[in-house]
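Undergrad: I have a structure here, written as structure tokens, and I will follow up with some questions on it.
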Amino acid sequence: MAAIILASSSIYRKELFSRLGLDFTCFSPDINENLDITDHSCLTETLAIQKAQKAQESYPDAVCIGSDTIATLGQSRLGKPLNYEVALAQLQEMSGQEILFYTGIAIVSPDRSPLKAHVITTVQFKKLTQEMIHTYLKKEAPYKSCGSFKSETSAVALINCCQSSDPTAIVGLPLITVSQMLSDVGVSVLGG
């Protein structure tokens, strides 16, 4: 079986992928994520492909997996806040709103066209008080998470509901989709 490379420096994606029980190596892709693509699904798929292709430059015989997630409020994209002030402003804007998280996934392997897909997760935020926001930011420091939302933490207390066809997509790696795509390139998670 070909080596598997997860083109991500995210500890959350690494933890998620390890659930599949496959041997893999992580590779930190260095790509330009500021692309002029207006369609959210297309953007995440394009970034996922670029990450996987960057990994394949170093591992040409491997099956390389890339993923990217963005958060949106209407047509506005909510990036990684990087600091308290931006995170505060984002969460104030997200209060009581429906936020869509787009997660693109791509697999690049030798002698095949890249596979790509995306999963959309809908998150309905509660009406957030200043105290809720401040406590969350102090406790979780979600400054490297798009939309200031670290779903794998106490952030779940900020929302009313979360809907997705692939429940791990919100964390950044839709495992149902990944498993199906791996099977398409000849890698079986459970054999057979």
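Residue numbering restarts at 1 in every chain; chains get A, B, ... in the order shown in the structure tokens, and ligands count up from 1 in that same order.
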I want to know what sits within 10 Å of A:Ser179, based on only C-alpha atoms, with residues of the same chain fewer than 6 positions away left out; could you give that as a list in words?
TA: Phe17, Leu20, Val187, Ser188, Val189 and Leu190 of chain A
Undergrad: Take the residues just selected and output them with N, CA and C atoms as a short mmCIF file (atom, residue, chain, number, x, y, z; two decimals), in the first residue's frame.
TA:
data_model
loop_
_atom_site.label_atom_id
_atom_site.label_comp_id
_atom_site.auth_asym_id
_atom_site.auth_seq_id
_atom_site.Cartn_x
_atom_site.Cartn_y
_atom_site.Cartn_z
N PHE A 17 -7.76 12.04 11.83
CA PHE A 17 -7.33 11.04 10.86
C PHE A 17 -6.81 9.78 11.56
N LEU A 20 -8.93 6.57 12.00
CA LEU A 20 -9.13 5.57 10.95
C LEU A 20 -8.19 4.37 11.08
N VAL A 187 -7.37 2.58 -1.17
CA VAL A 187 -6.97 2.45 0.23
C VAL A 187 -8.22 2.15 1.05
N SER A 188 -8.27 0.97 1.64
CA SER A 188 -9.44 0.57 2.43
C SER A 188 -9.14 0.76 3.91
N VAL A 189 -10.04 1.41 4.59
CA VAL A 189 -9.87 1.62 6.03
C VAL A 189 -10.03 0.31 6.80
N LEU A 190 -10.98 -0.50 6.39
CA LEU A 190 -11.25 -1.74 7.13
C LEU A 190 -10.98 -3.00 6.33
#
Undergrad: Please provide as a list in words all residues within 6 Å of stretch 118-128 of chain A, with the sequence filter that same-chain residues fewer than 6 positions apart are discarded (counting only C-alpha atoms).
TA: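 Selected residues are Ser95, Gly96, Gln97, Glu98, Ile99, Leu100, Phe101, Tyr102, Thr103, Gly104, Ile105, Leu158, Ile159, Asn160, Cys161, Cys162, Gln163 and Ser164 of chain A.
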Undergrad: Need to verify the contact set: A:Arg77, 10 Å, only C-alpha atoms, exclusion of same-chain residues closer than 2 positions in sequence. Can you return it as a list in words?
TA: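 What passes the distance filter is Thr38, His40, Ile70, Ala71, Thr72, Leu73, Gly74, Gln75, Gly79, Lys80, Ile99, Leu100, Phe101, Cys146 and Gly147 of chain A.
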Undergrad: Next, dump the selected residues to file, keeping only C-alpha atoms, as a CSV table (one decimal), in the first residue's frame.
TA:
chain,number,residue,atom,x,y,z
A,38,THR,CA,-15.8,33.9,-4.5
A,40,HIS,CA,-17.0,29.1,-0.9
A,70,ILE,CA,-13.9,28.4,6.1
A,71,ALA,CA,-16.8,29.9,8.1
A,72,THR,CA,-19.3,32.2,6.5
A,73,LEU,CA,-22.0,34.6,7.6
A,74,GLY,CA,-24.1,35.3,4.5
A,75,GLN,CA,-21.5,36.1,1.8
A,79,GLY,CA,-11.3,34.0,8.9
A,80,LYS,CA,-9.0,33.1,11.8
A,99,ILE,CA,-23.1,30.2,10.2
A,100,LEU,CA,-22.1,27.9,7.4
A,101,PHE,CA,-18.8,26.1,7.7
A,146,CYS,CA,-12.0,30.1,11.5
A,147,GLY,CA,-14.8,32.1,12.9
Undergrad: Which of chain A end up as helix (DSSP H, G or I) when DSSP is run on this backbone - answer as a ChimeraX atom specification?
TA: /A:11-18,40-58,84-94,130-140,146-148,154-158,169-171,175-184
Undergrad: Just checking: using only C-alpha atoms, which residue out of A:Ser41, A:Ser148, A:Thr129, A:Ser28 ends up closest to A:Pro81?
TA: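 The closest residue to A:Pro81 is A:Ser148.
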Undergrad: Please provide as number ranges by chain all residues within 7 Å of A:Pro110, with the sequence filter that same-chain residues fewer than 2 positions apart are discarded (counting only C-alpha atoms).
TA: A: 60-62, 112
Undergrad: Restricted to C-alpha atoms, what would the selected residues look like written as a PDB file, in the first residue's frame?
TA:
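Once everything was written out, this is again-v1.pdb:
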ATOM      1  CA  PRO A  60       5.499  11.710  -5.198  1.00  0.00           C
ATOM      2  CA  ASP A  61       4.469   8.072  -4.691  1.00  0.00           C
ATOM      3  CA  ALA A  62       2.109   8.734  -1.781  1.00  0.00           C
ATOM      4  CA  ARG A 112      -4.827   9.758 -11.038  1.00  0.00           C
TER       5      ARG A 112
END
Undergrad: Taking only C-alpha atoms into account, name the residue in A:Ala106, A:Met181, A:Met94, A:Leu82 that is nearest to A:Ala7.
TA: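 Smallest separation from A:Ala7 among the options: A:Ala106.
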Undergrad: So, counting only C-alpha atoms, which residue among A:Ser8, A:Ser113, A:Gln92, A:Asn83 is closest to A:Ser67?
TA: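 With only C-alpha atoms as the atom set, the closest residue is A:Ser8.
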Undergrad: Which of stretch 48-138 of chain A counts as strand (DSSP E or B) under DSSP, as a PyMOL selection string please?
TA: chain A and resi 63-73+76-78+98-108+115-125
Undergrad: Those residues with N, CA and C atoms, as a compact mmCIF listing (two decimals), in the first residue's frame please?
TA:
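Wrote out-v7.txt, looks like this:
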# COMPACT_ATOMS: atom_id res chain seq x y z
N VAL A 63 -0.23 8.73 -1.33
CA VAL A 63 -1.60 9.24 -1.36
C VAL A 63 -1.62 10.43 -0.41
N CYS A 64 -1.87 11.62 -0.96
CA CYS A 64 -1.78 12.85 -0.17
C CYS A 64 -3.17 13.46 0.02
N ILE A 65 -3.46 13.82 1.26
CA ILE A 65 -4.79 14.32 1.63
C ILE A 65 -4.67 15.76 2.10
N GLY A 66 -5.49 16.63 1.51
CA GLY A 66 -5.54 18.03 1.93
C GLY A 66 -6.95 18.39 2.36
N SER A 67 -7.04 19.35 3.26
CA SER A 67 -8.35 19.79 3.73
C SER A 67 -8.28 21.26 4.10
N ASP A 68 -9.40 21.95 3.95
CA ASP A 68 -9.46 23.36 4.33
C ASP A 68 -10.88 23.69 4.75
N THR A 69 -11.02 24.57 5.74
CA THR A 69 -12.33 24.97 6.24
C THR A 69 -12.43 26.48 6.30
N ILE A 70 -13.58 26.99 5.90
CA ILE A 70 -13.89 28.40 6.09
C ILE A 70 -15.26 28.52 6.74
N ALA A 71 -15.46 29.62 7.45
CA ALA A 71 -16.75 29.93 8.06
C ALA A 71 -17.34 31.12 7.34
N THR A 72 -18.66 31.10 7.16
CA THR A 72 -19.31 32.20 6.46
C THR A 72 -20.56 32.66 7.21
N LEU A 73 -20.80 33.95 7.12
CA LEU A 73 -22.03 34.57 7.61
C LEU A 73 -22.59 35.31 6.40
N SER A 76 -20.17 36.88 3.70
CA SER A 76 -18.92 37.28 4.37
C SER A 76 -18.19 36.06 4.91
N ARG A 77 -16.89 36.04 4.72
CA ARG A 77 -16.05 34.97 5.26
C ARG A 77 -15.48 35.41 6.59
N LEU A 78 -15.51 34.50 7.54
CA LEU A 78 -14.98 34.75 8.87
C LEU A 78 -13.67 33.98 9.00
N GLU A 98 -27.00 32.15 11.84
CA GLU A 98 -26.68 30.85 11.26
C GLU A 98 -25.37 31.01 10.50
N ILE A 99 -24.39 30.21 10.86
CA ILE A 99 -23.07 30.24 10.25
C ILE A 99 -22.88 28.95 9.46
N LEU A 100 -22.37 29.08 8.24
CA LEU A 100 -22.07 27.90 7.43
C LEU A 100 -20.57 27.68 7.42
N PHE A 101 -20.16 26.46 7.72
CA PHE A 101 -18.76 26.06 7.67
C PHE A 101 -18.59 25.16 6.45
N TYR A 102 -17.72 25.56 5.54
CA TYR A 102 -17.43 24.79 4.34
C TYR A 102 -16.09 24.09 4.56
N THR A 103 -16.08 22.77 4.42
CA THR A 103 -14.84 22.01 4.54
C THR A 103 -14.58 21.30 3.23
N GLY A 104 -13.48 21.68 2.60
CA GLY A 104 -13.07 21.03 1.36
C GLY A 104 -12.07 19.94 1.67
N ILE A 105 -12.14 18.88 0.88
CA ILE A 105 -11.22 17.75 1.05
C ILE A 105 -10.73 17.33 -0.33
N ALA A 106 -9.46 16.96 -0.42
CA ALA A 106 -8.91 16.51 -1.69
C ALA A 106 -7.91 15.39 -1.46
N ILE A 107 -7.86 14.49 -2.41
CA ILE A 107 -6.86 13.42 -2.39
C ILE A 107 -6.13 13.44 -3.73
N VAL A 108 -4.82 13.51 -3.65
CA VAL A 108 -3.95 13.48 -4.83
C VAL A 108 -3.10 12.22 -4.70
N LEU A 115 -9.00 13.93 -6.56
CA LEU A 115 -10.38 13.80 -6.10
C LEU A 115 -10.67 14.97 -5.18
N LYS A 116 -11.87 15.52 -5.28
CA LYS A 116 -12.22 16.63 -4.40
C LYS A 116 -13.69 16.54 -4.02
N ALA A 117 -13.98 17.11 -2.87
CA ALA A 117 -15.36 17.15 -2.37
C ALA A 117 -15.43 18.25 -1.31
N HIS A 118 -16.63 18.56 -0.90
CA HIS A 118 -16.80 19.49 0.22
C HIS A 118 -18.02 19.09 1.03
N VAL A 119 -18.00 19.51 2.27
CA VAL A 119 -19.10 19.25 3.19
C VAL A 119 -19.47 20.59 3.83
N ILE A 120 -20.77 20.85 3.90
CA ILE A 120 -21.24 22.08 4.53
C ILE A 120 -21.88 21.73 5.87
N THR A 121 -21.47 22.44 6.90
CA THR A 121 -22.04 22.27 8.23
C THR A 121 -22.74 23.56 8.61
N THR A 122 -23.99 23.44 9.04
CA THR A 122 -24.77 24.60 9.45
C THR A 122 -24.78 24.67 10.97
N VAL A 123 -24.38 25.82 11.51
CA VAL A 123 -24.33 26.00 12.96
C VAL A 123 -25.20 27.20 13.34
N GLN A 124 -26.15 26.96 14.22
CA GLN A 124 -27.02 28.03 14.71
C GLN A 124 -26.50 28.50 16.07
N PHE A 125 -26.03 29.74 16.13
CA PHE A 125 -25.50 30.29 17.38
C PHE A 125 -26.61 30.82 18.26
Undergrad: So, with only C-alpha atoms as the atoms that count, which of A:Val185, A:Asp111, A:Leu173, A:Ala157 lies closest to A:Lys14?
TA: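 Looking at the shortest contact to A:Lys14, the residue is A:Leu173.
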Undergrad: Using Å and a single decimal, report how far atom CA of A:Leu6 sits from atom CA of A:Ala55.
TA: 8.0 Å
Undergrad: In Å, with one decimal, what is the gap from atom CA of A:Ala3 to atom CA of A:Gln53?
TA: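 Separating atom CA of A:Ala3 from atom CA of A:Gln53 is a distance of 14.6 Å.
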Undergrad: A:Ala141, A:Asp23, A:Pro174, A:Ala2: which is nearest A:Ala87, counting only C-alpha atoms?
TA: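 Of the candidates, the smallest distance to A:Ala87 is held by A:Ala141.
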